[in-house]
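Visitor: Can you read through this structure? Questions will come right after.
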Amino acid sequence: MRLDVVTIFPEYLEPLNVSLVGKARARGQLDVRVHDLRTWTHDRHHTVDDTPYGGGPGMVMKPEPWGEALDEILASGAPDQDEPVLVVPTPSGRPFTQALAVELAAAPWLVFTPARYEGIDRRVVEEYGSRLDVREVSIGDYVLAGGEAPVLVMVEAVARLLPGVLGNAESHRDDSFAPGSMAGLLEGPVYTKPPQWRGREIPEVLVSGHHGRIARWRRDQALARTSTHRPDLIEACDPVGLDAHDRAT
Ligand code: ADE
């Protein structure tokens, strides 16, 4: 998968050299290219923003540098390369969910345009929306100073879904929000050695060797945690997916 990020803070994307994403890059599974938007400015001050039409606080990112940057990046695709999906982080976008991560992980090429200030001149999304699949995406109901942290979040969520990126291919099967046996439920607690720590024991059932009882216990824990932390998810659960035992929990 190819990923391009256009930003005025290329150094903000340095975590993409570390850990899971860094290793995927080193193995050649991810081709990540971070670009400085100011490369596509032509004035002495490398200006990327200007005052908003209609007045109001803050500054708006000018369309010209984005247009030049995106045209050049789009033209750099290999002849057999499909068009990229353009991902525009914005607090006014559609929510980023595990389902969207799965969808983006199926794309061969993603281009991210993290903005600063009050956002990018609207005509940029209109222009590229007429030729590409453009997704305006919010990572949550809060406002950050820019879209770079959301890009780190989205790239990590997508990269760990790519074949061969996670060490154990099974390990995202039971993730909270993943489709599967625990669909729609949050993950319950996990334990490892030692069996006693500061006088605290691990739950007996986990060393019972009884797979059925362990699965039942895990599901009950997931249900309990979901009803405490995210009652909205229980409401949204398909009742067909809840068995009689679940309802009694
Ligand atoms: N830029 C600023 N806040 C954001 C958010 N919550 N999601 C995506 N991009 C953003």
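Ligands are numbered from 1 in the order shown, residues from 1 within each chain, and chains are lettered A, B, ... in the order they appear in the structure tokens.
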Kindly provide, as JSON, numbers by chain, all nucleotide and amino acid residues lying within 10 Å of ligand 1, counting only C-alpha atoms and all ligand atoms.

Guide: {"A": [88, 89, 90, 91, 92, 93, 94, 95, 96, 113, 114, 115, 116, 117, 118, 119, 136, 137, 138, 139, 140, 141, 142, 143, 144, 145, 146, 147, 148, 149, 150, 151, 153, 154]}

Visitor: Using N, CA and C atoms, can you write the selected residues to a file as an mmCIF file, in the first residue's frame?

Guide:
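The new file again_25.cif reads:
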```
data_model
loop_
_atom_site.group_PDB
_atom_site.id
_atom_site.type_symbol
_atom_site.label_atom_id
_atom_site.label_comp_id
_atom_site.auth_asym_id
_atom_site.auth_seq_id
_atom_site.Cartn_x
_atom_site.Cartn_y
_atom_site.Cartn_z
ATOM 1 N N VAL A 88 -9.279 13.459 4.002
ATOM 2 C CA VAL A 88 -9.158 14.830 4.505
ATOM 3 C C VAL A 88 -9.584 14.836 5.974
ATOM 4 N N PRO A 89 -8.636 14.910 6.925
ATOM 5 C CA PRO A 89 -9.034 14.930 8.339
ATOM 6 C C PRO A 89 -9.662 16.279 8.678
ATOM 7 N N THR A 90 -10.813 16.243 9.289
ATOM 8 C CA THR A 90 -11.488 17.478 9.719
ATOM 9 C C THR A 90 -12.483 17.130 10.818
ATOM 10 N N PRO A 91 -12.594 17.999 11.847
ATOM 11 C CA PRO A 91 -13.572 17.693 12.906
ATOM 12 C C PRO A 91 -14.999 17.692 12.369
ATOM 13 N N SER A 92 -15.215 18.242 11.168
ATOM 14 C CA SER A 92 -16.574 18.226 10.606
ATOM 15 C C SER A 92 -16.780 17.071 9.623
ATOM 16 N N GLY A 93 -15.875 16.081 9.657
ATOM 17 C CA GLY A 93 -16.023 14.934 8.759
ATOM 18 C C GLY A 93 -16.910 13.838 9.318
ATOM 19 N N ARG A 94 -17.046 12.749 8.552
ATOM 20 C CA ARG A 94 -17.765 11.569 9.051
ATOM 21 C C ARG A 94 -16.870 10.861 10.057
ATOM 22 N N PRO A 95 -17.465 10.195 11.058
ATOM 23 C CA PRO A 95 -16.639 9.557 12.096
ATOM 24 C C PRO A 95 -15.726 8.461 11.540
ATOM 25 N N PHE A 96 -14.499 8.431 12.026
ATOM 26 C CA PHE A 96 -13.576 7.333 11.701
ATOM 27 C C PHE A 96 -13.950 6.140 12.571
ATOM 28 N N THR A 113 -4.453 14.734 3.704
ATOM 29 C CA THR A 113 -4.202 16.182 3.640
ATOM 30 C C THR A 113 -4.499 16.846 4.988
ATOM 31 N N PRO A 114 -3.666 16.599 5.998
ATOM 32 C CA PRO A 114 -3.914 17.221 7.305
ATOM 33 C C PRO A 114 -3.761 18.740 7.230
ATOM 34 N N ALA A 115 -4.793 19.451 7.709
ATOM 35 C CA ALA A 115 -4.783 20.916 7.653
ATOM 36 C C ALA A 115 -4.450 21.496 9.026
ATOM 37 N N ARG A 116 -4.033 22.734 9.011
ATOM 38 C CA ARG A 116 -3.870 23.546 10.240
ATOM 39 C C ARG A 116 -4.851 24.707 10.129
ATOM 40 N N TYR A 117 -4.826 25.604 11.073
ATOM 41 C CA TYR A 117 -5.681 26.808 11.069
ATOM 42 C C TYR A 117 -7.154 26.389 11.028
ATOM 43 N N GLU A 118 -7.975 27.144 10.303
ATOM 44 C CA GLU A 118 -9.418 26.860 10.273
ATOM 45 C C GLU A 118 -9.783 25.858 9.178
ATOM 46 N N GLY A 119 -8.784 25.274 8.539
ATOM 47 C CA GLY A 119 -9.064 24.296 7.485
ATOM 48 C C GLY A 119 -8.624 24.789 6.117
ATOM 49 N N GLU A 136 -13.913 12.963 3.897
ATOM 50 C CA GLU A 136 -13.654 13.912 4.985
ATOM 51 C C GLU A 136 -13.950 13.168 6.275
ATOM 52 N N VAL A 137 -12.948 13.050 7.150
ATOM 53 C CA VAL A 137 -13.047 12.133 8.282
ATOM 54 C C VAL A 137 -12.665 12.824 9.587
ATOM 55 N N SER A 138 -13.472 12.585 10.627
ATOM 56 C CA SER A 138 -13.170 13.080 11.978
ATOM 57 C C SER A 138 -12.811 11.896 12.867
ATOM 58 N N ILE A 139 -11.776 12.046 13.692
ATOM 59 C CA ILE A 139 -11.431 10.934 14.594
ATOM 60 C C ILE A 139 -12.161 11.040 15.923
ATOM 61 N N GLY A 140 -12.982 12.044 16.123
ATOM 62 C CA GLY A 140 -13.741 12.123 17.371
ATOM 63 C C GLY A 140 -14.320 13.507 17.568
ATOM 64 N N ASP A 141 -15.222 13.608 18.536
ATOM 65 C CA ASP A 141 -15.921 14.870 18.766
ATOM 66 C C ASP A 141 -15.121 15.795 19.667
ATOM 67 N N TYR A 142 -13.976 16.198 19.172
ATOM 68 C CA TYR A 142 -13.131 17.180 19.848
ATOM 69 C C TYR A 142 -12.321 17.845 18.758
ATOM 70 N N VAL A 143 -11.804 19.040 19.064
ATOM 71 C CA VAL A 143 -11.072 19.771 18.028
ATOM 72 C C VAL A 143 -9.590 19.808 18.382
ATOM 73 N N LEU A 144 -8.769 19.294 17.466
ATOM 74 C CA LEU A 144 -7.317 19.307 17.637
ATOM 75 C C LEU A 144 -6.750 20.523 16.908
ATOM 76 N N ALA A 145 -5.449 20.770 17.104
ATOM 77 C CA ALA A 145 -4.838 21.941 16.469
ATOM 78 C C ALA A 145 -4.566 21.694 14.987
ATOM 79 N N GLY A 146 -4.640 20.439 14.564
ATOM 80 C CA GLY A 146 -4.385 20.136 13.151
ATOM 81 C C GLY A 146 -4.695 18.690 12.863
ATOM 82 N N GLY A 147 -4.588 18.315 11.607
ATOM 83 C CA GLY A 147 -4.964 16.963 11.191
ATOM 84 C C GLY A 147 -3.853 15.941 11.259
ATOM 85 N N GLU A 148 -2.647 16.344 11.724
ATOM 86 C CA GLU A 148 -1.525 15.392 11.706
ATOM 87 C C GLU A 148 -1.738 14.237 12.689
ATOM 88 N N ALA A 149 -2.176 14.553 13.923
ATOM 89 C CA ALA A 149 -2.417 13.469 14.886
ATOM 90 C C ALA A 149 -3.516 12.530 14.357
ATOM 91 N N PRO A 150 -4.624 13.059 13.809
ATOM 92 C CA PRO A 150 -5.602 12.155 13.184
ATOM 93 C C PRO A 150 -4.989 11.270 12.087
ATOM 94 N N VAL A 151 -4.030 11.791 11.313
ATOM 95 C CA VAL A 151 -3.403 10.946 10.281
ATOM 96 C C VAL A 151 -2.647 9.798 10.945
ATOM 97 N N VAL A 153 -3.293 8.413 13.753
ATOM 98 C CA VAL A 153 -4.317 7.484 14.257
ATOM 99 C C VAL A 153 -4.840 6.604 13.116
ATOM 100 N N MET A 154 -5.213 7.248 12.021
ATOM 101 C CA MET A 154 -5.831 6.495 10.915
ATOM 102 C C MET A 154 -4.831 5.552 10.256
#
```

Visitor: Which neighbours of region 27-33 of chain A fall inside 9 Å, counting only C-alpha atoms, when residues of the same chain fewer than 2 positions from it are skipped, and could you give them as a PyMOL selection string?

Guide: chain A and resi 1-6+16+21-25+35+159+162-165

Visitor: Generate a file of the selected residues that holds N, CA and C atoms, formatted as a JSON list (two decimals), in the first residue's frame.

Guide:
```
[["chain", "number", "residue", "atom", "x", "y", "z"],
["A", 1, "MET", "N", 0.84, -1.20, 0.00],
["A", 1, "MET", "CA", 0.00, 0.00, 0.00],
["A", 1, "MET", "C", 0.88, 1.25, 0.00],
["A", 2, "ARG", "N", 0.46, 2.24, -0.83],
["A", 2, "ARG", "CA", 1.19, 3.51, -0.83],
["A", 2, "ARG", "C", 0.41, 4.54, -0.02],
["A", 3, "LEU", "N", 1.13, 5.33, 0.81],
["A", 3, "LEU", "CA", 0.51, 6.40, 1.60],
["A", 3, "LEU", "C", 1.28, 7.69, 1.37],
["A", 4, "ASP", "N", 0.59, 8.74, 1.00],
["A", 4, "ASP", "CA", 1.22, 10.06, 0.90],
["A", 4, "ASP", "C", 0.57, 10.97, 1.94],
["A", 5, "VAL", "N", 1.37, 11.80, 2.59],
["A", 5, "VAL", "CA", 0.86, 12.77, 3.55],
["A", 5, "VAL", "C", 1.43, 14.14, 3.17],
["A", 6, "VAL", "N", 0.55, 15.12, 3.00],
["A", 6, "VAL", "CA", 1.00, 16.48, 2.69],
["A", 6, "VAL", "C", 0.71, 17.34, 3.92],
["A", 16, "LEU", "N", 5.75, 7.64, 12.19],
["A", 16, "LEU", "CA", 5.50, 6.62, 11.15],
["A", 16, "LEU", "C", 6.76, 5.81, 10.84],
["A", 21, "VAL", "N", 4.12, 0.47, 12.13],
["A", 21, "VAL", "CA", 4.15, 1.12, 10.81],
["A", 21, "VAL", "C", 5.59, 1.20, 10.30],
["A", 22, "GLY", "N", 6.52, 1.54, 11.20],
["A", 22, "GLY", "CA", 7.93, 1.62, 10.82],
["A", 22, "GLY", "C", 8.44, 0.28, 10.30],
["A", 23, "LYS", "N", 8.04, -0.80, 10.97],
["A", 23, "LYS", "CA", 8.49, -2.14, 10.55],
["A", 23, "LYS", "C", 7.86, -2.52, 9.22],
["A", 24, "ALA", "N", 6.58, -2.17, 9.05],
["A", 24, "ALA", "CA", 5.90, -2.47, 7.78],
["A", 24, "ALA", "C", 6.59, -1.72, 6.63],
["A", 25, "ARG", "N", 7.05, -0.50, 6.90],
["A", 25, "ARG", "CA", 7.78, 0.26, 5.88],
["A", 25, "ARG", "C", 9.10, -0.44, 5.57],
["A", 35, "HIS", "N", 5.28, 14.77, 2.56],
["A", 35, "HIS", "CA", 5.65, 15.93, 1.75],
["A", 35, "HIS", "C", 5.41, 17.22, 2.52],
["A", 159, "ALA", "N", -2.96, 0.30, 8.91],
["A", 159, "ALA", "CA", -1.76, -0.52, 8.66],
["A", 159, "ALA", "C", -1.84, -1.87, 9.37],
["A", 162, "LEU", "N", -3.44, -4.66, 7.38],
["A", 162, "LEU", "CA", -2.88, -5.15, 6.12],
["A", 162, "LEU", "C", -2.31, -6.55, 6.31],
["A", 163, "PRO", "N", -2.48, -7.41, 5.32],
["A", 163, "PRO", "CA", -1.99, -8.78, 5.46],
["A", 163, "PRO", "C", -0.50, -8.80, 5.77],
["A", 164, "GLY", "N", -0.13, -9.57, 6.79],
["A", 164, "GLY", "CA", 1.28, -9.75, 7.13],
["A", 164, "GLY", "C", 1.87, -8.66, 8.01],
["A", 165, "VAL", "N", 1.09, -7.62, 8.35],
["A", 165, "VAL", "CA", 1.65, -6.53, 9.17],
["A", 165, "VAL", "C", 1.64, -6.87, 10.66]]
```

Visitor: Which residues are near region 183-191 of chain A? Cut-off 8 Å, only C-alpha atoms, ignore same chain within fewer than 2 positions. Put them as a PyMOL selection string.

Guide: chain A and resi 174-181+193+202+218-219+221-223+225-226+233-234+236-237

Visitor: Counting only C-alpha atoms, which residue out of A:Gly54, A:Arg44, A:Glu11, A:Glu127 sits closest to Asp71 (chain A)?

Guide: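 Between A:Gly54, A:Arg44, A:Glu11, A:Glu127, the residue approaching Asp71 (chain A) most closely is A:Glu127.
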
Visitor: Might you pull out every residue within 12 Å of Trp40 (chain A), with only C-alpha atoms counted and same-chain residues fewer than 2 positions away left off, and present them as a PyMOL selection string?

Guide: chain A and resi 6-8+35-38+42-48+62-73

Visitor: Which one of A:Thr41, A:Gly199, A:Val124, A:Leu74 sits closest to Val60 (chain A) if you count only C-alpha atoms?

Guide: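 Among the listed residues, the smallest separation from Val60 (chain A) belongs to A:Val124.
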
Visitor: What does the distance between CA of Pro15 (chain A) and CA of Leu152 (chain A) come to in Å, to one decimal place?

Guide: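 Computed distance, CA of Pro15 (chain A) to CA of Leu152 (chain A), equals 7.7 Å.
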
Visitor: Please return as number ranges by chain: the residues of region 4-242 of chain A that backbone DSSP assigns to strand (DSSP E).

Guide: A: 4-7, 31-36, 49-50, 60-61, 85-95, 109-112, 133-138, 196-197, 200-201

Visitor: Interatomic distance between CA of Asp121 (chain A) and CA of Val87 (chain A)?

Guide: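 Answer for the CA of Asp121 (chain A) to CA of Val87 (chain A) separation: 15.3 Å.
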